[in-house]
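Engineer: What follows is a structure written as structure tokens; I'll ask about it next.
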Amino acid sequence: MNIKLASRVRRIKPSPTLAVTAKARQLRLEDVDVINLAAGEPDFDTPDHIKQAAIDAIQSGQTKYTAVDGTNSLKTAIIDKFAHDNGLSYSPKEILVSNGGKQSFYNLCQAVIEKGDEVIIPAPYWVSYPDMVLLADGIPAFIVADHTQSFKITAKQLTNKISTKTKMLVLNSPSNPTGANYTESELKSLAGVLIKNPQILIATDDMYEHILFKGKKFSNILSVCPELKSRTLVLNGVSKAYSMTGWRIGYAAGPANIIEAMKNIQSQSTSNPCSISQAAAEAALSSDQQCVSNMSAAFEERHDFVVEELNKVNGITCSQSQGTFYCFANIDEAIKQTENVKNDAEFATYLLTKCGIAVVPGTAFGLPGYMRISFATSKDKLADATQRLKKALG
């Protein structure tokens, strides 16, 4: 029987980052020597005190349903985090805990986007933003910012992209996939445009907030322009900073009416996040943060090594990242020099099959001619990978 699928399914594609990671994992199971530089998760284990909090939660019987929007104690920890780290004040009804940062953004799109609404997304972008907008019947509106402008959009670009259909702007800083981080002055320029356009909501994805290099201080759009709070959703989670990707806890803060709508959507999809994971997330946010600093320092050391080595490879140029555990390298010349390779997707396939290196092509993030490299792996593997690149490309 040929069952016709819903049109919404045909609008979207599987996550390319997850697909590459799965392919690398499969090759490893087949005893192929693959270095995975495509993974979007830290290689560190979840810190012991966080795991212990989960064990304690299990043993004390915290294994039942919780409130859809999260336990009171976790929401209190999130509120305290915003106050301490960001100088932002929220009440419990302005907080929603979800099953990862991805669900937070999905809930938001379902809550506020209607058919024909445009959502401005700077490119390169995290791969799931456009598809989740499409699932909400919205229209992704891209602003391209390549390495010549440090992968960051300008106020002029934003002004020119705004239309009568613009409903929301998405900002992700530090950025996946580029590691670019907006400065306070750059955010102030964007905020100046947004102040003049009160109909536009803002989603600031701060998932990599704590992974910044060279002593840089984190700022988001509300740090520089508190006047935007009534229409800004702050999205964050514990996945990256605490190496808790599999625990699936994200959270959002914003206007109570939007948070309530997101909660209602979540109540009819997944209900509450895992009770055990919530206990672990509470411990992560409430305890000593040295584990976060240690991981960030390790990522910075790896970043410096990888960028230096990539720029020694024929046909590859790589800008410095300001944070995250990614760098976004330009491979236009490498593509031209590689036989039977016409684009970045084919180049990524070439690296996987010929060199045993898994990367994600820039096309997946809306900017062809680049590749995202994750340095969330050991220094030895990074050294091996860059040596393979040098051997393959000269």
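Ligands are numbered from 1 in the order shown, chains are lettered A, B, ... in the order of the structure tokens, and residues start at 1 in each chain.
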At a cut-off of 9 Å, can you tabulate as CSV every residue of range 315-385 of chain A near range 198-209 of chain A together with its closest atom pair and the distance in Å to one decimal, using only C-alpha atoms and ordering rows by chain then number?

Structural biologist:
residue,atom,partner,partner_atom,distance
A:Gly323,CA,A:Tyr208,CA,7.5
A:Thr324,CA,A:Tyr208,CA,5.8
A:Phe325,CA,A:Tyr208,CA,8.9

Engineer: Keeping only all heavy atoms, write the selected residues to a file as a PDB file, in the first residue's frame.

Structural biologist:
ATOM      1  N   GLY A 323      34.763  30.854  20.085  1.00  0.00           N
ATOM      2  CA  GLY A 323      34.212  29.965  21.088  1.00  0.00           C
ATOM      3  C   GLY A 323      33.669  28.702  20.453  1.00  0.00           C
ATOM      4  O   GLY A 323      33.916  28.428  19.283  1.00  0.00           O
ATOM      5  N   THR A 324      32.910  27.915  21.212  1.00  0.00           N
ATOM      6  CA  THR A 324      32.377  26.602  20.856  1.00  0.00           C
ATOM      7  C   THR A 324      33.519  25.595  20.716  1.00  0.00           C
ATOM      8  O   THR A 324      34.646  25.863  21.115  1.00  0.00           O
ATOM      9  CB  THR A 324      31.518  26.616  19.566  1.00  0.00           C
ATOM     10  OG1 THR A 324      32.349  26.782  18.426  1.00  0.00           O
ATOM     11  CG2 THR A 324      30.480  27.713  19.621  1.00  0.00           C
ATOM     12  N   PHE A 325      33.227  24.455  20.101  1.00  0.00           N
ATOM     13  CA  PHE A 325      34.294  23.501  19.777  1.00  0.00           C
ATOM     14  C   PHE A 325      34.278  23.173  18.288  1.00  0.00           C
ATOM     15  O   PHE A 325      34.494  22.051  17.877  1.00  0.00           O
ATOM     16  CB  PHE A 325      34.202  22.230  20.634  1.00  0.00           C
ATOM     17  CG  PHE A 325      32.802  21.738  20.896  1.00  0.00           C
ATOM     18  CD1 PHE A 325      32.105  21.008  19.941  1.00  0.00           C
ATOM     19  CD2 PHE A 325      32.189  21.990  22.105  1.00  0.00           C
ATOM     20  CE1 PHE A 325      30.830  20.546  20.187  1.00  0.00           C
ATOM     21  CE2 PHE A 325      30.900  21.534  22.372  1.00  0.00           C
ATOM     22  CZ  PHE A 325      30.216  20.799  21.406  1.00  0.00           C
TER      23      PHE A 325
END

Engineer: When you look at range 326-339 of chain A with a cut-off of 8 Å (counting only C-alpha atoms), what residues show up, excluding the ones that are within fewer than 3 positions of it in the same chain? I need them as a list in words.

Structural biologist: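 So the residues in contact are Asn176, Pro177, Thr178, Gly179, His303, Val307, Asn314, Gly315, Ile316, Thr317, Cys318, Ser319, Gln320, Ser321, Gly323, Lys342, Asn343, Asp344, Phe347, Gly362, Gly369, Tyr370, Met371, Arg372, Ile373, Ser374, Phe375, Ala376 and Leu393 of chain A.
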
Engineer: In terms of the shortest atom-to-atom distance over only C-alpha atoms, which of A:Lys354, A:Arg231, A:Lys391, A:His210 is closest to Val34 in chain A?

Structural biologist: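 Going through A:Lys354, A:Arg231, A:Lys391, A:His210 one by one, the smallest distance to Val34 in chain A is for A:Lys354.
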
Engineer: Could you give me, as JSON lines, every range 165-252 of chain A residue with an atom at most 8 Å from range 44-55 of chain A, plus its closest atom pair and distance in Å to one decimal, counting only C-alpha atoms, rows ordered by chain then number?

Structural biologist:
{"residue": "A:Tyr242", "atom": "CA", "partner": "A:Thr46", "partner_atom": "CA", "distance": 6.3}
{"residue": "A:Ser243", "atom": "CA", "partner": "A:Thr46", "partner_atom": "CA", "distance": 5.2}
{"residue": "A:Met244", "atom": "CA", "partner": "A:Thr46", "partner_atom": "CA", "distance": 5.9}

Engineer: As a PyMOL selection string, list the residues of range 57-177 of chain A assigned to alpha helix (DSSP H) by DSSP on the backbone atoms of this structure.

Structural biologist: chain A and resi 57-59+72-81+101-112+128-135+155-161

Engineer: Those same residues, written as a compact mmCIF listing (two decimals), in the first residue's frame with N, CA, C and O atoms?

Structural biologist:
# COMPACT_ATOMS: atom_id res chain seq x y z
N ALA A 57 18.72 10.72 42.72
CA ALA A 57 17.31 10.94 42.35
C ALA A 57 16.61 9.61 42.11
O ALA A 57 15.45 9.42 42.52
N ILE A 58 17.29 8.69 41.46
CA ILE A 58 16.71 7.36 41.23
C ILE A 58 16.47 6.66 42.56
O ILE A 58 15.38 6.11 42.81
N GLN A 59 17.46 6.67 43.41
CA GLN A 59 17.36 5.94 44.68
C GLN A 59 16.33 6.55 45.63
O GLN A 59 15.78 5.85 46.48
N ASN A 72 10.00 22.52 40.18
CA ASN A 72 10.19 23.84 40.79
C ASN A 72 11.66 24.09 41.13
O ASN A 72 12.17 25.21 40.95
N SER A 73 12.35 23.05 41.63
CA SER A 73 13.74 23.24 42.04
C SER A 73 14.66 23.50 40.85
O SER A 73 15.58 24.32 40.93
N LEU A 74 14.41 22.82 39.72
CA LEU A 74 15.23 23.09 38.54
C LEU A 74 14.94 24.48 37.99
O LEU A 74 15.86 25.21 37.61
N LYS A 75 13.67 24.87 37.95
CA LYS A 75 13.34 26.20 37.46
C LYS A 75 13.96 27.29 38.35
O LYS A 75 14.43 28.32 37.85
N THR A 76 14.01 27.03 39.65
CA THR A 76 14.68 27.97 40.56
C THR A 76 16.17 28.06 40.24
O THR A 76 16.76 29.16 40.23
N ALA A 77 16.80 26.91 39.96
CA ALA A 77 18.22 26.91 39.60
C ALA A 77 18.45 27.68 38.31
O ALA A 77 19.45 28.39 38.16
N ILE A 78 17.54 27.55 37.35
CA ILE A 78 17.65 28.27 36.08
C ILE A 78 17.49 29.78 36.30
O ILE A 78 18.25 30.59 35.75
N ILE A 79 16.53 30.15 37.12
CA ILE A 79 16.32 31.57 37.43
C ILE A 79 17.55 32.15 38.11
O ILE A 79 18.01 33.26 37.77
N ASP A 80 18.12 31.40 39.04
CA ASP A 80 19.35 31.85 39.72
C ASP A 80 20.50 31.97 38.74
O ASP A 80 21.31 32.90 38.83
N LYS A 81 20.58 31.04 37.80
CA LYS A 81 21.64 31.09 36.78
C LYS A 81 21.52 32.36 35.94
O LYS A 81 22.52 33.05 35.68
N GLY A 101 17.66 21.61 23.85
CA GLY A 101 17.51 22.91 23.23
C GLY A 101 16.73 22.85 21.93
O GLY A 101 16.04 23.80 21.56
N LYS A 102 16.82 21.73 21.24
CA LYS A 102 16.10 21.59 19.97
C LYS A 102 14.60 21.68 20.19
O LYS A 102 13.89 22.34 19.43
N GLN A 103 14.09 21.03 21.25
CA GLN A 103 12.66 21.12 21.51
C GLN A 103 12.24 22.52 21.91
O GLN A 103 11.13 22.96 21.57
N SER A 104 13.11 23.24 22.59
CA SER A 104 12.78 24.62 22.96
C SER A 104 12.50 25.45 21.72
O SER A 104 11.49 26.18 21.65
N PHE A 105 13.37 25.34 20.71
CA PHE A 105 13.17 26.13 19.49
C PHE A 105 11.96 25.61 18.71
O PHE A 105 11.20 26.41 18.14
N TYR A 106 11.77 24.31 18.68
CA TYR A 106 10.60 23.75 18.01
C TYR A 106 9.31 24.26 18.65
O TYR A 106 8.38 24.69 17.95
N ASN A 107 9.25 24.20 19.98
CA ASN A 107 8.07 24.71 20.69
C ASN A 107 7.82 26.17 20.36
O ASN A 107 6.67 26.60 20.16
N LEU A 108 8.89 26.96 20.31
CA LEU A 108 8.76 28.39 20.02
C LEU A 108 8.18 28.61 18.63
O LEU A 108 7.24 29.41 18.46
N CYS A 109 8.71 27.90 17.64
CA CYS A 109 8.19 28.07 16.28
C CYS A 109 6.71 27.69 16.19
O CYS A 109 5.91 28.38 15.57
N GLN A 110 6.36 26.58 16.84
CA GLN A 110 4.96 26.15 16.82
C GLN A 110 4.05 27.15 17.53
O GLN A 110 2.88 27.31 17.18
N ALA A 111 4.60 27.84 18.52
CA ALA A 111 3.79 28.77 19.31
C ALA A 111 3.55 30.11 18.62
O ALA A 111 2.50 30.73 18.83
N VAL A 112 4.51 30.57 17.82
CA VAL A 112 4.41 31.95 17.33
C VAL A 112 4.39 32.10 15.81
O VAL A 112 4.01 33.15 15.30
N SER A 128 19.15 22.80 12.15
CA SER A 128 17.73 22.55 12.43
C SER A 128 16.84 23.79 12.39
O SER A 128 15.62 23.66 12.31
N TYR A 129 17.43 24.98 12.46
CA TYR A 129 16.59 26.19 12.46
C TYR A 129 15.63 26.25 11.26
O TYR A 129 14.42 26.40 11.44
N PRO A 130 16.13 26.16 10.02
CA PRO A 130 15.22 26.32 8.88
C PRO A 130 14.13 25.26 8.84
O PRO A 130 12.97 25.57 8.54
N ASP A 131 14.49 24.01 9.13
CA ASP A 131 13.50 22.95 9.03
C ASP A 131 12.40 23.09 10.06
O ASP A 131 11.23 22.80 9.79
N MET A 132 12.74 23.55 11.26
CA MET A 132 11.70 23.73 12.27
C MET A 132 10.80 24.91 11.94
O MET A 132 9.61 24.91 12.29
N VAL A 133 11.34 25.92 11.27
CA VAL A 133 10.50 27.02 10.77
C VAL A 133 9.55 26.49 9.70
O VAL A 133 8.35 26.82 9.70
N LEU A 134 10.07 25.65 8.81
CA LEU A 134 9.22 25.08 7.76
C LEU A 134 8.12 24.20 8.34
O LEU A 134 7.00 24.20 7.84
N LEU A 135 8.42 23.45 9.39
CA LEU A 135 7.41 22.61 10.02
C LEU A 135 6.29 23.43 10.65
O LEU A 135 5.19 22.94 10.86
N ALA A 155 24.13 45.34 10.84
CA ALA A 155 22.86 46.04 11.01
C ALA A 155 22.25 46.40 9.65
O ALA A 155 21.02 46.33 9.47
N LYS A 156 23.10 46.75 8.70
CA LYS A 156 22.60 47.10 7.36
C LYS A 156 21.95 45.89 6.69
O LYS A 156 20.88 46.01 6.08
N GLN A 157 22.60 44.73 6.81
CA GLN A 157 22.02 43.52 6.23
C GLN A 157 20.67 43.21 6.87
O GLN A 157 19.71 42.84 6.18
N LEU A 158 20.60 43.35 8.19
CA LEU A 158 19.35 43.07 8.89
C LEU A 158 18.25 44.02 8.44
O LEU A 158 17.13 43.60 8.14
N THR A 159 18.58 45.30 8.36
CA THR A 159 17.60 46.29 7.91
C THR A 159 17.06 45.96 6.54
O THR A 159 15.85 46.02 6.29
N ASN A 160 17.95 45.59 5.64
CA ASN A 160 17.55 45.30 4.26
C ASN A 160 16.71 44.02 4.15
O ASN A 160 15.95 43.86 3.19
N LYS A 161 16.85 43.12 5.10
CA LYS A 161 16.13 41.84 5.03
C LYS A 161 14.74 41.90 5.65
O LYS A 161 13.86 41.10 5.30

Engineer: Please report the interatomic distance between CA of Asp85 in chain A and CA of Ser175 in chain A in Å with one decimal.

Structural biologist: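 Separation of CA of Asp85 in chain A and CA of Ser175 in chain A: 18.8 Å.
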
Engineer: So which one's closest to Leu367 in chain A, A:Ala252, A:Ala145, A:Asn172, A:Gln266? Using only C-alpha atoms, please.

Structural biologist: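 Selected residue with least distance to Leu367 in chain A: A:Ala145.
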
Engineer: Can you tell me which residues surround Arg25 in chain A at a distance of at most 12 Å, considering only C-alpha atoms, apart from same-chain residues fewer than 3 positions away, and format the answer as a PyMOL selection string?

Structural biologist: chain A and resi 18-22+28-39+352+356-358

Engineer: Do you know which residues are at most 10 Å from Phe82 in chain A counting only C-alpha atoms, after dropping those on the same chain fewer than 6 positions away, and could you put them as a VMD selection string?

Structural biologist: chain A and resid 76 88 to 90 234 253

Engineer: Got time to write the residues from that selection, N, CA, C and O atoms, as a tab-separated table (two decimals), in the first residue's frame?

Structural biologist:
chain	number	residue	atom	x	y	z
A	76	THR	N	14.01	27.03	39.65
A	76	THR	CA	14.68	27.97	40.56
A	76	THR	C	16.17	28.06	40.24
A	76	THR	O	16.76	29.16	40.23
A	88	LEU	N	19.77	38.85	34.40
A	88	LEU	CA	18.39	38.83	33.93
A	88	LEU	C	17.48	38.29	35.01
A	88	LEU	O	17.82	37.32	35.70
A	89	SER	N	16.31	38.89	35.15
A	89	SER	CA	15.37	38.49	36.18
A	89	SER	C	14.14	37.85	35.54
A	89	SER	O	13.50	38.44	34.67
A	90	TYR	N	13.83	36.63	35.99
A	90	TYR	CA	12.66	35.91	35.49
A	90	TYR	C	11.88	35.30	36.64
A	90	TYR	O	12.44	34.99	37.70
A	234	VAL	N	15.14	33.63	25.38
A	234	VAL	CA	16.51	33.18	25.61
A	234	VAL	C	16.50	31.66	25.69
A	234	VAL	O	15.82	31.07	26.55
A	253	ALA	N	13.57	31.00	28.40
A	253	ALA	CA	13.04	32.07	29.25
A	253	ALA	C	12.49	33.16	28.34
A	253	ALA	O	13.10	33.48	27.31

Engineer: In terms of the shortest atom-to-atom distance over only C-alpha atoms, which of A:Ile95, A:Ala348, A:Leu190, A:Ala241 is closest to Asp43 in chain A?

Structural biologist: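 Among the listed residues, A:Ala241 lies closest to Asp43 in chain A.
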
Engineer: If you run DSSP on the backbone here, which positions in range 197-269 of chain A get strand (DSSP E or B)? Please write them as an MDAnalysis selection string.

Structural biologist: chainID A and resid 201:205 212 232:237 250:253

Engineer: May I have the residues within 6 Å of Phe142 in chain A as a ChimeraX atom specification, using only C-alpha atoms and disregarding those fewer than 2 positions away in the same chain?

Structural biologist: /A:120-122

Engineer: Considering only C-alpha atoms, can you say which of A:Lys188, A:Thr63, A:Asn2, A:Asp69 comes closest to Asn264 in chain A?

Structural biologist: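 Answer, going by the shortest atom-to-atom distance: A:Asp69.
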
Engineer: Write out as a list in words the residues lying within 12 Å of Lys217 in chain A, counting only C-alpha atoms and excluding same-chain residues fewer than 5 positions away.

Structural biologist: Asp85, Asn86, Ser173, Pro174, Asn181, Tyr182, Thr183, Glu184, Glu209, His210, Ile211, Leu212, Ser223, Gln322 and Gly323 of chain A
